[in-house]
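Structure, as structure tokens:
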Amino acid sequence: MKFTLSWLKDHLQTDATISQVVDAMTMAGLEVEHVTDPATKLAPFTVAKIVEAVQHPNADRLRVCQVDTVDGRKEIVCGAPNARAGLTTIYAPIGAYVPGLGVTLVEKPVRGVVSNGMLCSASELEAAGDSDGIMDLPDSLAVGTPAVDALGLEGVIDFEVTPNRPDWLGVNGIARDLSAAGLGVLIEKPVAPVAGKFPCPITVKVDGDACHIFAGRLIKGVKNGPSPKWLAHRLTMIGLRSINTLVDITNLITYDRARPLHVYDAAKLVGDVIEARLGKGPAQPGPAHEPSPQKHADEQLIALDGKTYDLSSEMSVIADAGGERPIGIGGVMGGESTGCSDETVDVFVEAAWFDPIRTAQTGRTTGINSDAQYRFARGVDPESCVDGVELATKLILELCGGEPSEITVTGKAPAAPAPVAFDPAYVAQLSGLSVSADKTNAILTALGFKVEGGKVTPPSWRRDVHGKADLVEEVARIAGFDSLPSTPLPEVARAVGGVLTAKQARARLSRRALAAAGYQEAVTWSFTSRATAELFGGGQADLLLANPIAAELDCMRPSILPNLIEAAGRNARQGFPDVALFEVGPVFHSDRPDGQRTAVTAVLAPHAPRGWDKRPADDLYSVKADLIALLEEMGAPVASLQTAQGSAGAWWHPGRSARLQLGPKAVLAEFGEIHPGVLKALDVAGPVYAFEIWLEAVPEPKKKALKTKPAFNGSALMPLKRDFAFVVEAAKPAGDLVKAALSADKALVTAARVFDVYQGPGVADGFKSVAVEVTIQPVDHTLTDAEIEALSAKIVAGAEKAGAKLRG
């Protein structure tokens, strides 16, 4: 939205400069984008008169001029063909920056004659006009008159209008807000009705959907033509092209009062009925296009821009000829068939109200972004229809003459905004501003609100106000956002355990530990496809996205595994098959608050390169070792964990996977090989090994009394190792024997590991022989044979409790 300072002063009594207006607009919440102030740019340039112009002694095309300037008489060398004695023009002194040339004038000789300034053309000042020579101005201008005043140039303010403030699309609305902000006094301009001389011969019909209310009148005997200079200048300064007086009047009112209008050449109307209805064609979303000669839409219109548009059933259409011939797209653009020209004698003036949503969709479908569409899509004041016709009538009669009919009004405007119960004390409660009740009411009244009996009624042009919070915002922006108190947030005592929660600390520890183990961190989407989610126990309806960013990312992920497995597959297709990836992030099992958990997930896709040494690739036990090491790093009770085979999810290989748990309801992690069927569905070559830990399920270790580590207390005695071979059922986990050995004496037994598993001759069917190496560390004395035998007996007894017996 653009406007000039002089235009603003037609509605606001103020002495403010353009910079003061910009500052006040910014503080009132109007976002100024650009300011063009010729008074600043052309400050050094003034009016001058050439007293004498003679031929340059050393150049055929140059003249040496004696010029009366604001600085006295100056000798200036000029090459313009129209430089002559008696010419009134524009003078630039030495040191002035000439915007059209991009140079700063310096004193220097021109072919042996020093030029003490410059006489300027229109292009050199970046002003509209003929640039064949220096400017030729009226002789009535006095020497020293600023160039800005002599050329009639004005400052132009361009600002961004937020969608909720359509009243700012008129200069009158801007003046109202600035008046409320204290920049000046609003000049009230009540609309005086123009009496009609005869009944309007044109009947208007509306259906209440395509158009809610339609006002119009016929004006006979107008004389159209070029606009007067003041009108053309006002529109040109804000970037509009002057077309003719009738059209320029509608554009003026559009920008002055945010009230779009349209004028029809009455002689080009077919019949005496204008109907506002919906289009007859099917809905056709998309940009405007030229229809092919072979295929025509049900209904089309050649608009004023010369393009042909298909009219769908979602558009508002203005039609004549009994409602059969389209003559305009309601709220967007009129048709070429009824446009006004210099030959127009009788004109029908329209002021209607069209639905904002329908108008906005029509603009997107047709690709039209006219001034009318821009305003109707944001919401024009529905009670301004008659006033708009009256304003247009007054200007048409003044500039074009004619005789007006009575105004015809059809339809009904939308209901006025409802009153809002409002206590002025709520301003301080919500914003912290200290504004008295009287000032609050004065601000709202100045903005056009009606304050009465504890209720505030928004004006018809403020349909964005729905509650008391909106009213507080109005008071706050007019009172000044710079008046908002700056109150620092209260200091919060630092948590005793540090700034990170236990889960956050574990997530950070997991990243460091896995990176140190050779895994690379990946960051993937929290979404996946529903089909993939179903492979990993997800895909429920409550986890589907209403508006996914992509068709293949339409479901919240139940696990990080599918994302990492697919990432491993992409790496393999790019020539990097041997990858180890991990991610720490959320997984989702429902849309309830407790349906989100934090998982630490790692995948290993071992594809060792070929080599003479036949180096084995990483396998399931490598992943298990990394999992156990990570849990130990977290402080989990690894010694108490149970390994439950056959209980993991369906996406794991049934014979090569397990759970780590403290009980059936306390599952900490799952690990193993991914099921080949799942890998095939994801189009990833196997094998792929993985584990997934749920941080919420890992119990917190007991807090130590001291933050620092205790002094190292190593034994000076050599450790000794003893091997035990136990016979257990084939389905018995070997880890149970390791736990039994470690539990025999926690002070002396420091380690136990399985080093051999045997099934075959000498071992009964359904059983296996498990060999365990136990490390015994003496503490304060060398162990005797009797002590060692006693400890060995404890280890055997513990194994027997676990269902094993010493192999004979």
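Ordered as shown in the structure tokens, chains take letters A, B, and onward, while each chain numbers its residues from 1 and ligands are numbered from 1 in the order shown.
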Surrounding residues of A:Asp626 excluding itself and chain neighbours under 3 positions, 12 Å, only C-alpha atoms, as a ChimeraX atom specification: /A:510,513-519,580,582,601-604,618-623,629-633,671-672,689-693
A:Val247 surroundings by only C-alpha atoms, 10 Å radius, close-in-sequence under 6 positions cut, as a PDB file with N, CA, C and O atoms, in the first residue's frame:
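Produced file result_32.pdb, reproduced below:
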```pdb
ATOM      1  N   ASN A 224     -16.706  11.904 -20.391  1.00  0.00           N
ATOM      2  CA  ASN A 224     -15.473  11.254 -19.953  1.00  0.00           C
ATOM      3  C   ASN A 224     -14.290  11.755 -20.771  1.00  0.00           C
ATOM      4  O   ASN A 224     -14.454  12.305 -21.851  1.00  0.00           O
ATOM      5  N   GLY A 225     -13.096  11.543 -20.260  1.00  0.00           N
ATOM      6  CA  GLY A 225     -11.886  11.964 -20.959  1.00  0.00           C
ATOM      7  C   GLY A 225     -10.698  11.890 -20.025  1.00  0.00           C
ATOM      8  O   GLY A 225     -10.755  11.277 -18.951  1.00  0.00           O
ATOM      9  N   SER A 227      -8.123  12.622 -17.125  1.00  0.00           N
ATOM     10  CA  SER A 227      -8.349  13.139 -15.779  1.00  0.00           C
ATOM     11  C   SER A 227      -7.697  14.506 -15.609  1.00  0.00           C
ATOM     12  O   SER A 227      -6.696  14.821 -16.270  1.00  0.00           O
ATOM     13  N   LEU A 261     -14.703   0.096  -6.331  1.00  0.00           N
ATOM     14  CA  LEU A 261     -15.897   0.380  -7.126  1.00  0.00           C
ATOM     15  C   LEU A 261     -15.673  -0.123  -8.549  1.00  0.00           C
ATOM     16  O   LEU A 261     -14.550  -0.438  -8.945  1.00  0.00           O
ATOM     17  N   HIS A 262     -16.770  -0.150  -9.298  1.00  0.00           N
ATOM     18  CA  HIS A 262     -16.637  -0.462 -10.729  1.00  0.00           C
ATOM     19  C   HIS A 262     -17.667   0.361 -11.493  1.00  0.00           C
ATOM     20  O   HIS A 262     -18.773   0.620 -10.992  1.00  0.00           O
ATOM     21  N   VAL A 263     -17.288   0.795 -12.704  1.00  0.00           N
ATOM     22  CA  VAL A 263     -18.194   1.577 -13.546  1.00  0.00           C
ATOM     23  C   VAL A 263     -18.425   0.831 -14.856  1.00  0.00           C
ATOM     24  O   VAL A 263     -17.494   0.319 -15.481  1.00  0.00           O
ATOM     25  N   TYR A 264     -19.694   0.723 -15.244  1.00  0.00           N
ATOM     26  CA  TYR A 264     -20.087   0.087 -16.497  1.00  0.00           C
ATOM     27  C   TYR A 264     -20.574   1.151 -17.473  1.00  0.00           C
ATOM     28  O   TYR A 264     -21.271   2.094 -17.077  1.00  0.00           O
ATOM     29  N   GLY A 339     -16.605  -1.975 -20.508  1.00  0.00           N
ATOM     30  CA  GLY A 339     -15.665  -1.006 -19.995  1.00  0.00           C
ATOM     31  C   GLY A 339     -15.948   0.405 -20.488  1.00  0.00           C
ATOM     32  O   GLY A 339     -16.460   0.614 -21.590  1.00  0.00           O
ATOM     33  N   CYS A 340     -15.607   1.390 -19.660  1.00  0.00           N
ATOM     34  CA  CYS A 340     -15.836   2.794 -20.006  1.00  0.00           C
ATOM     35  C   CYS A 340     -14.703   3.324 -20.876  1.00  0.00           C
ATOM     36  O   CYS A 340     -13.529   2.963 -20.693  1.00  0.00           O
ATOM     37  N   SER A 341     -15.057   4.194 -21.799  1.00  0.00           N
ATOM     38  CA  SER A 341     -14.087   4.833 -22.686  1.00  0.00           C
ATOM     39  C   SER A 341     -14.410   6.317 -22.779  1.00  0.00           C
ATOM     40  O   SER A 341     -15.330   6.817 -22.127  1.00  0.00           O
TER      41      SER A 341
END
```
Atom-to-atom span, atom CA of A:Glu350 and atom CA of A:Asp158, Å: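 Here the two named atoms are 28.3 Å from each other.
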Between atom CA of A:Thr162 and atom CA of A:Glu314 - distance in Å to one decimal: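 Pair atom CA of A:Glu314 / atom CA of A:Thr162 returns 25.5 Å.
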Contacts of stretch 373-378 of chain A at 7 Å (only C-alpha atoms; same-chain gap of 2+ positions) as a ChimeraX atom specification: /A:163-164,166,331-332,354,356-357,359-360,363,369-371,380
Written file, previous selection with N, CA and C atoms, as a tab-separated table (two decimals), in the first residue's frame:
```tsv
chain	number	residue	atom	x	y	z
A	163	PRO	N	-2.95	-9.12	6.84
A	163	PRO	CA	-4.25	-9.58	6.32
A	163	PRO	C	-5.44	-9.22	7.19
A	164	ASN	N	-5.21	-8.98	8.50
A	164	ASN	CA	-6.34	-8.70	9.38
A	164	ASN	C	-6.72	-7.22	9.43
A	166	PRO	N	-7.75	-4.77	6.73
A	166	PRO	CA	-8.09	-4.22	5.41
A	166	PRO	C	-8.38	-2.74	5.43
A	331	GLY	N	-15.74	-8.81	-7.49
A	331	GLY	CA	-14.68	-8.54	-6.54
A	331	GLY	C	-13.29	-8.65	-7.11
A	332	VAL	N	-13.15	-8.97	-8.40
A	332	VAL	CA	-11.83	-9.21	-8.99
A	332	VAL	C	-11.55	-8.27	-10.15
A	354	PHE	N	-18.36	-8.68	-1.60
A	354	PHE	CA	-18.15	-10.07	-1.99
A	354	PHE	C	-17.42	-10.81	-0.87
A	356	PRO	N	-14.88	-12.70	1.29
A	356	PRO	CA	-13.41	-12.69	1.21
A	356	PRO	C	-12.80	-14.03	0.79
A	357	ILE	N	-13.32	-15.14	1.33
A	357	ILE	CA	-12.75	-16.45	1.00
A	357	ILE	C	-12.96	-16.78	-0.47
A	359	THR	N	-13.45	-14.68	-2.89
A	359	THR	CA	-12.65	-13.76	-3.72
A	359	THR	C	-11.18	-14.16	-3.72
A	360	ALA	N	-10.67	-14.56	-2.57
A	360	ALA	CA	-9.27	-14.99	-2.50
A	360	ALA	C	-9.04	-16.22	-3.36
A	363	GLY	N	-8.99	-15.30	-6.99
A	363	GLY	CA	-7.72	-14.70	-7.38
A	363	GLY	C	-6.65	-15.76	-7.62
A	369	ASN	N	-4.47	-10.49	-9.49
A	369	ASN	CA	-4.22	-9.83	-8.21
A	369	ASN	C	-4.45	-8.34	-8.39
A	370	SER	N	-5.70	-7.99	-8.65
A	370	SER	CA	-6.05	-6.59	-8.86
A	370	SER	C	-6.20	-5.88	-7.53
A	371	ASP	N	-6.29	-4.54	-7.59
A	371	ASP	CA	-6.49	-3.77	-6.36
A	371	ASP	C	-7.80	-4.16	-5.68
A	380	VAL	N	-13.62	-6.02	2.82
A	380	VAL	CA	-14.01	-4.61	2.70
A	380	VAL	C	-15.15	-4.33	3.68
```
Any idea what's packed within 10 Å of A:Ser559, counting only C-alpha atoms, ignoring anything in its chain fewer than 6 positions away? Could you give it as a PDB file with C-alpha atoms, in the first residue's frame?
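Output below, filename result_35.pdb:
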```
ATOM      1  CA  SER A 526      10.469 -38.461  13.040  1.00  0.00           C
ATOM      2  CA  PHE A 527       8.106 -39.697  10.311  1.00  0.00           C
ATOM      3  CA  THR A 528       7.991 -42.685   8.005  1.00  0.00           C
ATOM      4  CA  ALA A 533       5.617 -48.265  10.343  1.00  0.00           C
ATOM      5  CA  PHE A 536       7.768 -52.266  13.118  1.00  0.00           C
ATOM      6  CA  GLY A 537       4.583 -52.475  15.145  1.00  0.00           C
ATOM      7  CA  GLY A 538       3.221 -49.010  14.340  1.00  0.00           C
ATOM      8  CA  GLY A 585      15.581 -39.455  19.293  1.00  0.00           C
ATOM      9  CA  PRO A 586      11.861 -39.858  19.952  1.00  0.00           C
ATOM     10  CA  VAL A 587       9.668 -42.785  18.944  1.00  0.00           C
ATOM     11  CA  PHE A 588       5.879 -42.792  19.099  1.00  0.00           C
ATOM     12  CA  HIS A 589       3.411 -45.478  20.154  1.00  0.00           C
ATOM     13  CA  ARG A 597       9.678 -42.408  24.359  1.00  0.00           C
ATOM     14  CA  THR A 598      13.332 -41.631  23.728  1.00  0.00           C
ATOM     15  CA  ALA A 599      15.285 -44.395  22.005  1.00  0.00           C
ATOM     16  CA  VAL A 600      18.994 -45.001  21.481  1.00  0.00           C
ATOM     17  CA  THR A 601      19.204 -47.042  18.299  1.00  0.00           C
ATOM     18  CA  GLU A 692      17.374 -50.292  20.523  1.00  0.00           C
TER      19      GLU A 692
END
```
